[in-house]
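Below is the file final.cif, which contains mmCIF, C-alpha atoms (C1' of nucleotides); chains and numbers go by the auth columns.
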```cif
data_query
#
loop_
_atom_site.group_PDB
_atom_site.id
_atom_site.type_symbol
_atom_site.label_atom_id
_atom_site.label_comp_id
_atom_site.label_asym_id
_atom_site.label_seq_id
_atom_site.Cartn_x
_atom_site.Cartn_y
_atom_site.Cartn_z
_atom_site.B_iso_or_equiv
_atom_site.auth_seq_id
_atom_site.auth_asym_id
ATOM 1 C CA MET A 1 -84.498 44.681 131.205 0.00 17 J
ATOM 2 C CA SER A 2 -83.042 43.785 134.525 0.00 18 J
ATOM 3 C CA LEU A 3 -81.407 40.516 133.555 0.00 19 J
ATOM 4 C CA PRO A 4 -77.906 40.155 134.946 0.00 20 J
ATOM 5 C CA ARG A 5 -75.428 40.318 132.117 0.00 21 J
ATOM 6 C CA ASN A 6 -71.790 39.526 132.058 0.00 22 J
ATOM 7 C CA PRO A 7 -69.465 42.329 130.948 0.00 23 J
ATOM 8 C CA ALA A 8 -68.523 40.271 127.914 0.00 24 J
ATOM 9 C CA GLU A 9 -72.159 39.962 126.885 0.00 25 J
ATOM 10 C CA ALA A 10 -72.765 43.659 127.437 0.00 26 J
ATOM 11 C CA SER A 11 -69.949 44.654 125.119 0.00 27 J
ATOM 12 C CA ARG A 12 -71.043 42.108 122.549 0.00 28 J
ATOM 13 C CA ASN A 13 -74.491 43.685 122.654 0.00 29 J
ATOM 14 C CA PHE A 14 -72.931 47.092 122.098 0.00 30 J
ATOM 15 C CA PHE A 15 -71.120 45.754 119.051 0.00 31 J
ATOM 16 C CA GLU A 16 -74.412 44.440 117.694 0.00 32 J
ATOM 17 C CA GLU A 17 -76.021 47.857 118.118 0.00 33 J
ATOM 18 C CA VAL A 18 -73.181 49.532 116.269 0.00 34 J
ATOM 19 C CA HIS A 19 -73.396 46.972 113.494 0.00 35 J
ATOM 20 C CA GLU A 20 -77.107 47.595 113.111 0.00 36 J
ATOM 21 C CA VAL A 21 -76.784 51.379 112.894 0.00 37 J
ATOM 22 C CA VAL A 22 -73.917 51.216 110.412 0.00 38 J
ATOM 23 C CA ARG A 23 -75.939 48.830 108.298 0.00 39 J
ATOM 24 C CA LEU A 24 -78.696 51.466 108.119 0.00 40 J
ATOM 25 C CA ILE A 25 -76.415 54.069 106.538 0.00 41 J
ATOM 26 C CA PRO A 26 -77.636 54.488 102.926 0.00 42 J
ATOM 27 C CA PRO A 27 -75.118 53.796 100.142 0.00 43 J
ATOM 28 C CA GLY A 28 -73.386 56.963 99.027 0.00 44 J
ATOM 29 C CA ARG A 29 -73.861 58.568 102.443 0.00 45 J
ATOM 30 C CA VAL A 30 -71.510 58.734 105.429 0.00 46 J
ATOM 31 C CA SER A 31 -71.833 59.050 109.199 0.00 47 J
ATOM 32 C CA THR A 32 -69.490 59.678 112.106 0.00 48 J
ATOM 33 C CA TYR A 33 -68.370 57.804 115.206 0.00 49 J
ATOM 34 C CA GLY A 34 -69.722 60.532 117.461 0.00 50 J
ATOM 35 C CA ALA A 35 -73.132 60.601 115.750 0.00 51 J
ATOM 36 C CA ILE A 36 -73.510 56.862 116.186 0.00 52 J
ATOM 37 C CA ALA A 37 -72.364 57.024 119.796 0.00 53 J
ATOM 38 C CA HIS A 38 -74.845 59.821 120.430 0.00 54 J
ATOM 39 C CA TYR A 39 -77.642 57.853 118.784 0.00 55 J
ATOM 40 C CA LEU A 40 -76.889 54.885 121.039 0.00 56 J
ATOM 41 C CA GLY A 41 -77.215 57.203 124.029 0.00 57 J
ATOM 42 C CA ALA A 42 -73.604 58.384 124.154 0.00 58 J
ATOM 43 C CA LYS A 43 -73.125 55.957 127.003 0.00 59 J
ATOM 44 C CA HIS A 44 -70.068 54.693 125.262 0.00 60 J
ATOM 45 C CA GLY A 45 -67.420 56.993 123.927 0.00 61 J
ATOM 46 C CA ALA A 46 -67.096 57.558 120.201 0.00 62 J
ATOM 47 C CA ARG A 47 -63.889 55.555 120.480 0.00 63 J
ATOM 48 C CA MET A 48 -65.870 52.462 121.360 0.00 64 J
ATOM 49 C CA VAL A 49 -67.808 52.810 118.111 0.00 65 J
ATOM 50 C CA GLY A 50 -64.582 52.662 116.176 0.00 66 J
ATOM 51 C CA TYR A 51 -63.383 49.848 118.370 0.00 67 J
ATOM 52 C CA ALA A 52 -66.572 47.934 117.624 0.00 68 J
ATOM 53 C CA LEU A 53 -65.917 48.263 113.908 0.00 69 J
ATOM 54 C CA ILE A 54 -62.511 46.640 114.282 0.00 70 J
ATOM 55 C CA ALA A 55 -64.328 43.512 115.408 0.00 71 J
ATOM 56 C CA ALA A 56 -67.304 44.113 113.112 0.00 72 J
ATOM 57 C CA VAL A 57 -65.642 43.872 109.712 0.00 73 J
ATOM 58 C CA PRO A 58 -63.739 40.596 110.260 0.00 74 J
ATOM 59 C CA ALA A 59 -66.809 39.111 111.932 0.00 75 J
ATOM 60 C CA ARG A 60 -69.595 40.244 109.600 0.00 76 J
ATOM 61 C CA GLY A 61 -67.753 41.425 106.522 0.00 77 J
ATOM 62 C CA LEU A 62 -67.897 44.763 104.682 0.00 78 J
ATOM 63 C CA ASP A 63 -71.133 43.750 102.972 0.00 79 J
ATOM 64 C CA ALA A 64 -72.937 43.324 106.295 0.00 80 J
ATOM 65 C CA VAL A 65 -71.209 46.224 108.038 0.00 81 J
ATOM 66 C CA PRO A 66 -70.204 48.986 105.581 0.00 82 J
ATOM 67 C CA ALA A 67 -67.529 50.423 107.836 0.00 83 J
ATOM 68 C CA GLN A 68 -66.221 52.579 105.013 0.00 84 J
ATOM 69 C CA ARG A 69 -69.251 54.836 105.500 0.00 85 J
ATOM 70 C CA VAL A 70 -68.115 55.730 109.004 0.00 86 J
ATOM 71 C CA VAL A 71 -65.556 58.523 109.258 0.00 87 J
ATOM 72 C CA ASN A 72 -64.499 60.967 111.930 0.00 88 J
ATOM 73 C CA ARG A 73 -66.150 64.344 112.504 0.00 89 J
ATOM 74 C CA ASN A 74 -63.857 66.017 109.970 0.00 90 J
ATOM 75 C CA GLY A 75 -64.819 63.614 107.217 0.00 91 J
ATOM 76 C CA LEU A 76 -61.383 62.029 107.317 0.00 92 J
ATOM 77 C CA LEU A 77 -60.864 58.316 106.662 0.00 93 J
ATOM 78 C CA THR A 78 -59.046 57.742 109.924 0.00 94 J
ATOM 79 C CA GLY A 79 -59.767 54.025 109.898 0.00 95 J
ATOM 80 C CA ARG A 80 -58.406 53.231 106.460 0.00 96 J
ATOM 81 C CA HIS A 81 -55.342 51.568 107.976 0.00 97 J
ATOM 82 C CA HIS A 82 -57.563 48.828 109.391 0.00 98 J
ATOM 83 C CA PHE A 83 -58.796 47.719 105.987 0.00 99 J
ATOM 84 C CA ALA A 84 -57.257 44.989 103.866 0.00 100 J
ATOM 85 C CA THR A 85 -55.332 47.588 101.889 0.00 101 J
ATOM 86 C CA PRO A 86 -54.634 51.285 102.634 0.00 102 J
ATOM 87 C CA THR A 87 -56.887 52.270 99.735 0.00 103 J
ATOM 88 C CA ALA A 88 -59.710 49.750 100.259 0.00 104 J
ATOM 89 C CA MET A 89 -61.809 52.189 102.300 0.00 105 J
ATOM 90 C CA GLN A 90 -61.502 54.990 99.746 0.00 106 J
ATOM 91 C CA GLU A 91 -62.183 52.674 96.833 0.00 107 J
ATOM 92 C CA ALA A 92 -65.287 51.296 98.546 0.00 108 J
ATOM 93 C CA LEU A 93 -66.625 54.821 99.022 0.00 109 J
ATOM 94 C CA GLU A 94 -65.832 55.933 95.481 0.00 110 J
ATOM 95 C CA ALA A 95 -67.615 52.821 94.205 0.00 111 J
ATOM 96 C CA GLU A 96 -70.735 54.263 95.857 0.00 112 J
ATOM 97 C CA GLY A 97 -70.256 57.666 94.298 0.00 113 J
ATOM 98 C CA VAL A 98 -68.553 59.346 97.228 0.00 114 J
ATOM 99 C CA ARG A 99 -65.616 61.479 96.159 0.00 115 J
ATOM 100 C CA VAL A 100 -62.557 61.125 98.340 0.00 116 J
ATOM 101 C CA VAL A 101 -59.467 63.304 97.989 0.00 117 J
ATOM 102 C CA ASP A 102 -56.430 62.929 100.225 0.00 118 J
ATOM 103 C CA ASP A 103 -58.331 60.762 102.757 0.00 119 J
ATOM 104 C CA GLU A 104 -61.033 63.405 103.031 0.00 120 J
ATOM 105 C CA VAL A 105 -64.677 62.938 102.014 0.00 121 J
ATOM 106 C CA GLN A 106 -65.654 65.685 99.569 0.00 122 J
ATOM 107 C CA ASP A 107 -68.982 67.382 100.232 0.00 123 J
ATOM 108 C CA PHE A 108 -68.940 65.693 103.618 0.00 124 J
ATOM 109 C CA LYS A 109 -71.376 68.153 105.136 0.00 125 J
ATOM 110 C CA ARG A 110 -73.963 67.311 102.464 0.00 126 J
ATOM 111 C CA LEU A 111 -73.404 63.546 102.535 0.00 127 J
ATOM 112 C CA PHE A 112 -73.457 63.370 106.325 0.00 128 J
ATOM 113 C CA TRP A 113 -76.132 60.995 107.619 0.00 129 J
ATOM 114 C CA ASP A 114 -77.080 61.452 111.270 0.00 130 J
ATOM 115 C CA PRO A 115 -79.037 58.474 112.715 0.00 131 J
ATOM 116 C CA SER A 116 -80.487 60.681 115.464 0.00 132 J
ATOM 117 C CA THR A 117 -82.046 62.940 112.821 0.00 133 J
ATOM 118 C CA GLU A 118 -82.549 60.799 109.717 0.00 134 J
ATOM 119 C CA LEU A 119 -83.635 57.710 111.614 0.00 135 J
ATOM 120 C CA GLU A 120 -85.614 59.448 114.346 0.00 136 J
ATOM 121 C "C1'" DT B 1 -53.807 44.054 139.242 0.00 26 C
ATOM 122 C "C1'" DC B 2 -51.758 48.069 136.960 0.00 27 C
ATOM 123 C "C1'" DT B 3 -50.681 50.689 132.842 0.00 28 C
ATOM 124 C "C1'" DC B 4 -50.891 51.987 128.167 0.00 29 C
ATOM 125 C "C1'" DT B 5 -53.126 52.640 123.922 0.00 30 C
ATOM 126 C "C1'" DG B 6 -56.773 53.396 120.688 0.00 31 C
ATOM 127 C "C1'" DA B 7 -61.271 53.700 113.624 0.00 32 C
ATOM 128 C "C1'" DC B 8 -62.937 60.036 118.779 0.00 33 C
ATOM 129 C "C1'" DT B 9 -65.004 64.304 120.664 0.00 34 C
ATOM 130 C "C1'" DG B 10 -65.877 68.417 123.213 0.00 35 C
ATOM 131 C "C1'" DC B 11 -64.331 71.967 126.210 0.00 36 C
ATOM 132 C "C1'" DG B 12 -61.095 75.102 128.269 0.00 37 C
ATOM 133 C "C1'" DT B 13 -56.996 78.147 127.754 0.00 38 C
ATOM 134 C "C1'" DA C 1 -57.966 80.078 115.654 0.00 6 Y
ATOM 135 C "C1'" DA C 2 -54.694 76.657 117.457 0.00 7 Y
ATOM 136 C "C1'" DC C 3 -53.230 73.510 121.100 0.00 8 Y
ATOM 137 C "C1'" DG C 4 -53.752 70.694 125.085 0.00 9 Y
ATOM 138 C "C1'" DC C 5 -56.358 67.900 128.259 0.00 10 Y
ATOM 139 C "C1'" DA C 6 -59.762 64.877 130.054 0.00 11 Y
ATOM 140 C "C1'" DG C 7 -63.536 61.522 129.392 0.00 12 Y
ATOM 141 C "C1'" DC C 8 -65.287 57.516 127.290 0.00 13 Y
ATOM 142 C "C1'" DC C 9 -64.498 51.702 127.873 0.00 14 Y
ATOM 143 C "C1'" DA C 10 -62.232 47.542 126.418 0.00 15 Y
ATOM 144 C "C1'" DG C 11 -58.330 44.598 125.349 0.00 16 Y
ATOM 145 C "C1'" DA C 12 -53.327 43.457 125.434 0.00 17 Y
ATOM 146 C "C1'" DG C 13 -48.803 43.089 127.877 0.00 18 Y
#
```
Write the structure described by the file as C-alpha coordinates, please.
Amino acid sequence: MSLPRNPAEASRNFFEEVHEVVRLIPPGRVSTYGAIAHYLGAKHGARMVGYALIAAVPARGLDAVPAQRVVNRNGLLTGRHHFATPTAMQEALEAEGVRVVDDEVQDFKRLFWDPSTELE
DNA sequence: TCTCTGACTGCGT
DNA sequence: AACGCAGCCAGAG
(Lines of atoms letter the chains of each structure in order from A and count residues from 1; the text may use other names and numbers.)
(Lines give C-alpha, C1' and ligand atoms only; values in the text may rest on other atoms or scores of the structure.)
Protein backbone atom coordinates (compact mmCIF):
# COMPACT_ATOMS: atom_id res chain seq x y z
CA MET A 1 0.00 0.00 0.00
CA SER A 2 1.22 3.46 -0.70
CA LEU A 3 -1.14 5.35 1.58
CA PRO A 4 0.61 8.05 3.58
CA ARG A 5 0.66 7.05 7.21
CA ASN A 6 1.53 9.03 10.24
CA PRO A 7 4.35 7.67 12.40
CA ALA A 8 1.86 7.13 15.20
CA GLU A 9 -0.34 5.01 12.96
CA ALA A 10 2.63 3.03 11.70
CA SER A 11 3.70 2.06 15.19
CA ARG A 12 0.14 1.24 16.16
CA ASN A 13 0.01 -1.08 13.16
CA PHE A 14 3.21 -2.73 14.31
CA PHE A 15 1.67 -3.31 17.72
CA GLU A 16 -1.33 -4.94 16.07
CA GLU A 17 0.94 -7.28 14.12
CA VAL A 18 2.76 -8.30 17.27
CA HIS A 19 -0.52 -8.87 19.06
CA GLU A 20 -1.74 -11.10 16.25
CA VAL A 21 1.38 -13.27 16.18
CA VAL A 22 1.47 -13.67 19.95
CA ARG A 23 -2.17 -14.66 19.89
CA LEU A 24 -1.27 -17.48 17.48
CA ILE A 25 1.18 -19.08 19.91
CA PRO A 26 -0.44 -22.37 21.03
CA PRO A 27 -1.05 -22.83 24.77
CA GLY A 28 1.81 -24.67 26.42
CA ARG A 29 4.28 -23.40 23.82
CA VAL A 30 6.61 -20.39 23.90
CA SER A 31 8.24 -18.08 21.37
CA THR A 32 10.90 -15.39 21.43
CA TYR A 33 11.09 -11.67 20.71
CA GLY A 34 13.64 -12.23 17.97
CA ALA A 35 11.57 -14.94 16.26
CA ILE A 36 8.54 -12.67 16.16
CA ALA A 37 10.61 -9.75 14.91
CA HIS A 38 12.08 -11.97 12.22
CA TYR A 39 8.64 -13.21 11.21
CA LEU A 40 7.45 -9.62 10.83
CA GLY A 41 10.39 -8.99 8.52
CA ALA A 42 12.93 -8.01 11.17
CA LYS A 43 12.30 -4.43 10.16
CA HIS A 44 11.87 -3.61 13.78
CA GLY A 45 14.33 -4.70 16.40
CA ALA A 46 13.43 -7.49 18.80
CA ARG A 47 13.27 -4.76 21.43
CA MET A 48 10.27 -3.24 19.71
CA VAL A 49 8.44 -6.55 20.05
CA GLY A 50 8.91 -6.42 23.78
CA TYR A 51 8.00 -2.77 23.78
CA ALA A 52 4.80 -3.58 21.92
CA LEU A 53 3.86 -6.08 24.61
CA ILE A 54 4.13 -3.42 27.29
CA ALA A 55 1.27 -1.64 25.56
CA ALA A 56 -0.42 -4.87 24.48
CA VAL A 57 -1.27 -6.39 27.85
CA PRO A 58 -2.91 -3.32 29.44
CA ALA A 59 -4.75 -2.64 26.19
CA ARG A 60 -5.94 -6.12 25.22
CA GLY A 61 -5.43 -8.14 28.36
CA LEU A 62 -3.52 -11.39 28.93
CA ASP A 63 -6.39 -13.41 27.49
CA ALA A 64 -6.17 -11.63 24.14
CA VAL A 65 -2.39 -11.31 24.13
CA PRO A 66 -0.70 -14.17 26.04
CA ALA A 67 2.50 -12.25 26.66
CA GLN A 68 3.68 -14.88 29.11
CA ARG A 69 4.43 -17.14 26.13
CA VAL A 70 7.03 -14.71 24.85
CA VAL A 71 10.49 -15.02 26.39
CA ASN A 72 13.99 -14.08 25.35
CA ARG A 73 16.27 -16.32 23.28
CA ASN A 74 17.59 -18.05 26.40
CA GLY A 75 14.12 -19.02 27.56
CA LEU A 76 14.33 -16.56 30.43
CA LEU A 77 11.27 -14.68 31.69
CA THR A 78 12.88 -11.29 31.27
CA GLY A 79 9.54 -9.50 31.17
CA ARG A 80 8.10 -10.86 34.39
CA HIS A 81 8.65 -7.53 36.13
CA HIS A 82 6.05 -5.94 33.86
CA PHE A 83 3.26 -8.22 35.04
CA ALA A 84 0.85 -7.48 37.85
CA THR A 85 2.98 -9.51 40.24
CA PRO A 86 6.58 -10.79 39.90
CA THR A 87 5.27 -14.36 39.71
CA ALA A 88 2.23 -13.78 37.46
CA MET A 89 4.15 -14.65 34.28
CA GLN A 90 5.53 -17.90 35.69
CA GLU A 91 2.19 -18.91 37.16
CA ALA A 92 0.44 -18.27 33.84
CA LEU A 93 2.93 -20.52 32.07
CA GLU A 94 2.76 -23.29 34.66
CA ALA A 95 -1.04 -23.18 34.38
CA GLU A 96 -0.53 -24.20 30.74
CA GLY A 97 1.82 -27.02 31.63
CA VAL A 98 5.08 -25.19 31.04
CA ARG A 99 7.63 -25.88 33.75
CA VAL A 100 9.51 -22.83 34.93
CA VAL A 101 12.45 -22.98 37.33
CA ASP A 102 14.32 -19.89 38.47
CA ASP A 103 12.77 -17.71 35.72
CA GLU A 104 13.88 -20.19 33.09
CA VAL A 105 11.55 -22.21 30.85
CA GLN A 106 12.39 -25.91 31.18
CA ASP A 107 12.63 -27.85 27.93
CA PHE A 108 12.63 -24.51 26.16
CA LYS A 109 14.20 -25.90 23.02
CA ARG A 110 11.36 -28.41 22.65
CA LEU A 111 8.56 -25.97 23.52
CA PHE A 112 9.91 -23.25 21.25
CA TRP A 113 7.37 -22.15 18.65
CA ASP A 114 8.80 -20.27 15.67
CA PRO A 115 6.13 -18.41 13.62
CA SER A 116 8.40 -18.37 10.56
CA THR A 117 8.52 -22.18 10.61
CA GLU A 118 5.33 -23.35 12.32
CA LEU A 119 3.12 -20.73 10.71
CA GLU A 120 4.78 -20.67 7.30
C1' DT B 1 15.70 19.26 19.73
C1' DC B 2 18.92 16.27 22.22
C1' DT B 3 19.86 12.36 25.20
C1' DC B 4 18.95 8.27 27.65
C1' DT B 5 16.84 3.96 28.31
C1' DG B 6 14.61 -0.31 27.23
C1' DA B 7 10.13 -7.36 27.80
C1' DC B 8 16.64 -8.09 22.64
C1' DT B 9 19.99 -10.10 19.36
C1' DG B 10 23.98 -11.04 16.65
C1' DC B 11 28.72 -10.30 15.66
C1' DG B 12 33.46 -9.24 16.63
C1' DT B 13 37.47 -9.56 19.83
C1' DA C 1 33.78 -19.54 26.00
C1' DA C 2 33.11 -14.91 27.95
C1' DC C 3 32.63 -9.94 27.34
C1' DG C 4 31.71 -5.78 24.91
C1' DC C 5 29.61 -3.10 21.29
C1' DA C 6 26.43 -1.60 17.89
C1' DG C 7 21.84 -1.78 15.69
C1' DC C 8 17.00 -1.73 16.04
C1' DC C 9 12.84 2.33 17.03
C1' DA C 10 9.84 4.67 20.21
C1' DG C 11 8.67 7.29 24.31
C1' DA C 12 9.90 10.16 28.38
C1' DG C 13 12.49 14.04 30.57
- Surrounding residues of DG37 (chain C) excluding itself and chain neighbours under 6 positions, 12 Å, all atoms listed in the file, as a PyMOL selection string: chain Y and resi 8-11
- Task: Select residues of chain Y: the criterion is any atom within 9 Å of an atom of chain J, counting only C-alpha atoms (C1' of nucleotides); output as a count of residues only.
- Result: 4
- Message: the PyMOL selection byres ((chain J) within 12 of (chain C)) - which residues does that actually catch in the file I just gave you? List them as JSON, numbers by chain.
- Response: {"J": [48, 49, 50, 51, 52, 53, 54, 58, 60, 61, 62, 63, 64, 65, 66, 67, 68, 69, 70, 71, 72, 73, 83, 84, 85, 86, 87, 88, 89, 90, 92, 93, 94, 95, 96, 97, 98, 99, 105]}
- Record the distance separating CA of Leu40 (chain J) and CA of Arg76 (chain J), expressed in Å with one decimal.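 These two atoms are separated by 14.5 Å.
Applied to the file shown here, the PyMOL selection byres ((chain J and resi 41) around 10) selects the residues J:Glu36, J:Val37, J:Val38, J:Arg39, J:Leu40, J:Pro42, J:Pro43, J:Gly44, J:Arg45, J:Val46, J:Ser47, J:Val81, J:Pro82, J:Ala83, J:Arg85, J:Val86, J:Phe128, J:Trp129, J:Asp130, J:Pro131, J:Glu134, J:Leu135.
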- Message: I'd like the neighbourhood of Gly91 (chain J) as an NGL selection string, where a residue qualifies if any of its atoms comes within 6 Å (using all atoms listed in the file), though same-chain residues fewer than 4 positions away should be ignored.
- Response: :J and (87 or 120-121 or 124)
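Of note, CA of Ala80 (chain J) and CA of Glu107 (chain J) are spaced 17.1 Å apart.
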- Message: Quick check, in Å to one decimal: how far apart do CA of Glu110 (chain J) and CA of Thr133 (chain J) lie?
- Response: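 These two atoms are separated by 24.8 Å.
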